[in-house]
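Beneath this line is the structure, given in structure tokens, with notes to follow.
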Amino acid sequence: FCIGYDFHELGNEDVRTRSIYPVVYSDEMFNATGVFGSPKNVNNILYLNQVALMKSTEWSYEKEWRLVFGNMLIQQEMPYRMPKPKCVILGAKISSNNEDSIRKICNRKNIEVLKLYMRHNQFVLDIHQ
């Protein structure tokens, strides 16, 4: 399942709002030899963010965004309050037990639930309530 948030609710001053990026889908893997190899021949620390944002085009239907705290922005591990989820999207192959549990929680918390369904004749996912 996927949880959908609206980070704009946190305001532009919040580090989470400034640290969320769309995933870059590619058929080629990121070559990190220059970043992690010896000798290191790349000095651009933004490459670390790029590695965290790369994913195969096989997953492009997800239109995923990731929260990436790069460049030593966060000095130590710590919990963050998240905004209330806008929705929860259930995968097409979720078990009925997990679906029931998630729907009950979302119903109690007044969170919209959507579910993906696989088309029978195409490699396409449809989404319904």
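How things are named: the first chain in the structure tokens is A, the next is B, and so on; residues count from 1 in each chain; ligands count from 1 in the order shown.
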Practice problem: Might you pull out every residue within 12 Å of Phe123 (chain A), with only C-alpha atoms counted and same-chain residues fewer than 5 positions away left off, and present them as a list in words? | Solution: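 Near neighbours after the sequence-gap exclusion: Glu58, Tyr61, Tyr117 and Met118 of chain A.
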Could those selected residues go to a file with C-alpha atoms, as an mmCIF file, in the first residue's frame?
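Final file, again_28.cif:
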```
data_model
loop_
_atom_site.group_PDB
_atom_site.id
_atom_site.type_symbol
_atom_site.label_atom_id
_atom_site.label_comp_id
_atom_site.auth_asym_id
_atom_site.auth_seq_id
_atom_site.Cartn_x
_atom_site.Cartn_y
_atom_site.Cartn_z
ATOM 1 C CA GLU A 58 9.215 -0.580 -14.979
ATOM 2 C CA TYR A 61 3.326 4.109 -13.364
ATOM 3 C CA TYR A 117 -7.080 -3.049 -10.107
ATOM 4 C CA MET A 118 -5.266 -4.788 -12.948
#
```
Quiz item: Neighbours of Asp6 (chain A) within 10 Å (only C-alpha atoms; same-chain residues fewer than 3 positions away dropped), as an MDAnalysis selection string?
Solution: chainID A and resid 9:10 17 82:87
Quiz prompt | Nearest residue to Lys93 (chain A) from the set A:Leu125, A:Val68, A:Val24, A:Val113 (distances using only C-alpha atoms) | solution =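 The shortest atom-to-atom distance to Lys93 (chain A) comes from A:Leu125.
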Quiz item: Restricting the calculation to only C-alpha atoms, which member of A:Lys55, A:Lys115, A:His8, A:Arg66 is positioned closest to Tyr21 (chain A)?
Solution: A:Arg66
Quiz item: Any idea what's packed within 12 Å of Leu53 (chain A), counting only C-alpha atoms, ignoring anything in its chain fewer than 2 positions away? Could you give it as a list in words?
Solution: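 My list of contacting residues is Ser19, Ile20, Tyr21, Pro22, Val23, Val24, Tyr25, Ser26, Met29, Phe30, Leu46, Tyr47, Leu48, Asn49, Gln50, Val51, Lys55, Ser56, Lys63, Glu64, Trp65, Arg66, Leu67, Val68, Phe69 and Gly70 of chain A.
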Output N, CA, C and O atoms for every residue in the selection just made, as a short mmCIF file (atom, residue, chain, number, x, y, z; two decimals), in the first residue's frame.
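Below is the file result.cif, written as the result:
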```cif
data_model
loop_
_atom_site.label_atom_id
_atom_site.label_comp_id
_atom_site.auth_asym_id
_atom_site.auth_seq_id
_atom_site.Cartn_x
_atom_site.Cartn_y
_atom_site.Cartn_z
N SER A 19 12.46 19.05 0.79
CA SER A 19 13.30 17.87 0.56
C SER A 19 12.55 16.73 -0.12
O SER A 19 12.98 15.59 -0.07
N ILE A 20 11.44 17.03 -0.77
CA ILE A 20 10.68 15.99 -1.46
C ILE A 20 10.84 16.19 -2.96
O ILE A 20 10.73 17.32 -3.46
N TYR A 21 11.18 15.10 -3.65
CA TYR A 21 11.51 15.17 -5.07
C TYR A 21 10.82 14.04 -5.84
O TYR A 21 10.64 12.94 -5.29
N PRO A 22 10.51 14.29 -7.11
CA PRO A 22 9.95 13.20 -7.93
C PRO A 22 11.05 12.20 -8.28
O PRO A 22 12.20 12.57 -8.49
N VAL A 23 10.68 10.94 -8.33
CA VAL A 23 11.62 9.89 -8.72
C VAL A 23 11.90 10.04 -10.22
O VAL A 23 11.03 10.41 -11.00
N VAL A 24 13.15 9.76 -10.59
CA VAL A 24 13.56 9.79 -12.00
C VAL A 24 13.60 8.34 -12.48
O VAL A 24 14.35 7.52 -11.94
N TYR A 25 12.78 8.03 -13.49
CA TYR A 25 12.71 6.67 -14.01
C TYR A 25 13.63 6.56 -15.23
O TYR A 25 13.62 7.42 -16.11
N SER A 26 14.42 5.49 -15.26
CA SER A 26 15.39 5.33 -16.33
C SER A 26 15.58 3.85 -16.63
O SER A 26 15.41 2.99 -15.74
N MET A 29 20.97 2.02 -15.15
CA MET A 29 21.33 2.19 -13.76
C MET A 29 22.29 3.36 -13.62
O MET A 29 23.04 3.67 -14.54
N PHE A 30 22.24 3.99 -12.47
CA PHE A 30 23.16 5.09 -12.18
C PHE A 30 24.55 4.52 -11.95
O PHE A 30 24.73 3.59 -11.17
N LEU A 46 25.56 16.34 -4.98
CA LEU A 46 24.18 16.14 -5.41
C LEU A 46 23.99 14.78 -6.07
O LEU A 46 22.88 14.30 -6.21
N TYR A 47 25.08 14.13 -6.45
CA TYR A 47 24.98 12.79 -7.02
C TYR A 47 24.36 11.83 -6.01
O TYR A 47 23.69 10.87 -6.39
N LEU A 48 24.60 12.06 -4.74
CA LEU A 48 23.99 11.19 -3.72
C LEU A 48 22.46 11.30 -3.78
O LEU A 48 21.76 10.31 -3.62
N ASN A 49 21.95 12.50 -3.99
CA ASN A 49 20.51 12.66 -4.15
C ASN A 49 20.03 11.94 -5.40
O ASN A 49 18.97 11.32 -5.41
N GLN A 50 20.79 12.05 -6.47
CA GLN A 50 20.41 11.42 -7.73
C GLN A 50 20.29 9.91 -7.56
O GLN A 50 19.35 9.30 -8.06
N VAL A 51 21.23 9.31 -6.85
CA VAL A 51 21.17 7.86 -6.61
C VAL A 51 19.88 7.51 -5.87
O VAL A 51 19.20 6.54 -6.20
N LYS A 55 15.07 5.06 -10.35
CA LYS A 55 14.29 3.83 -10.31
C LYS A 55 14.05 3.37 -11.74
O LYS A 55 13.94 4.18 -12.66
N SER A 56 13.89 2.08 -11.94
CA SER A 56 13.64 1.52 -13.26
C SER A 56 12.33 2.04 -13.86
O SER A 56 11.35 2.25 -13.15
N LYS A 63 4.59 7.04 -10.35
CA LYS A 63 4.74 8.50 -10.23
C LYS A 63 5.15 8.88 -8.80
O LYS A 63 4.60 9.79 -8.18
N GLU A 64 6.12 8.15 -8.30
CA GLU A 64 6.56 8.24 -6.90
C GLU A 64 7.36 9.52 -6.62
O GLU A 64 8.07 10.03 -7.48
N TRP A 65 7.21 10.00 -5.42
CA TRP A 65 8.04 11.09 -4.88
C TRP A 65 8.74 10.54 -3.65
O TRP A 65 8.20 9.68 -2.95
N ARG A 66 9.94 11.03 -3.40
CA ARG A 66 10.70 10.56 -2.24
C ARG A 66 11.19 11.73 -1.41
O ARG A 66 11.56 12.77 -1.92
N LEU A 67 11.22 11.48 -0.12
CA LEU A 67 11.76 12.44 0.84
C LEU A 67 13.24 12.10 0.99
O LEU A 67 13.59 11.02 1.45
N VAL A 68 14.11 13.02 0.56
CA VAL A 68 15.55 12.78 0.57
C VAL A 68 16.23 13.91 1.32
O VAL A 68 16.19 15.06 0.90
N PHE A 69 16.84 13.57 2.45
CA PHE A 69 17.61 14.54 3.22
C PHE A 69 19.07 14.35 2.86
O PHE A 69 19.78 13.57 3.47
N GLY A 70 19.52 15.04 1.85
CA GLY A 70 20.90 14.89 1.39
C GLY A 70 21.79 15.99 1.92
O GLY A 70 21.36 16.91 2.61
#
```
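Nearest to Phe7 (chain A) of all the residues A:Gln75, A:Asn31, A:Arg81, A:Thr57 is A:Arg81, counting only C-alpha atoms.
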Self-check item: Nearest-residue call for Ile111 (chain A), choices A:His128, A:Val88, A:Ser96, A:Ile74, using only C-alpha atoms
Solution: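 Distance minimum relative to Ile111 (chain A) lands on A:Val88.
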Quiz item: Between A:Cys2, A:Arg18, A:Gly11, A:Glu62, which one has atoms that come closest to Val124 (chain A), using only C-alpha atoms?
Solution: A:Glu62
Quiz item: Suppose you want the space between CA of Asn121 (chain A) and CA of Ile94 (chain A); what is it in Å?
Solution: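 Separating CA of Asn121 (chain A) from CA of Ile94 (chain A) is a distance of 20.2 Å.
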Quiz item: Distance CA of Leu116 (chain A)-CA of Tyr5 (chain A), one decimal place?
Solution: 17.7 Å
Quiz item: So which bits of chain A end up strand (DSSP E) when you DSSP the backbone, as a PyMOL selection string?
Solution: chain A and resi 2-4+20-22+24-26+54-56+65-67+87-90+112-118+125-128
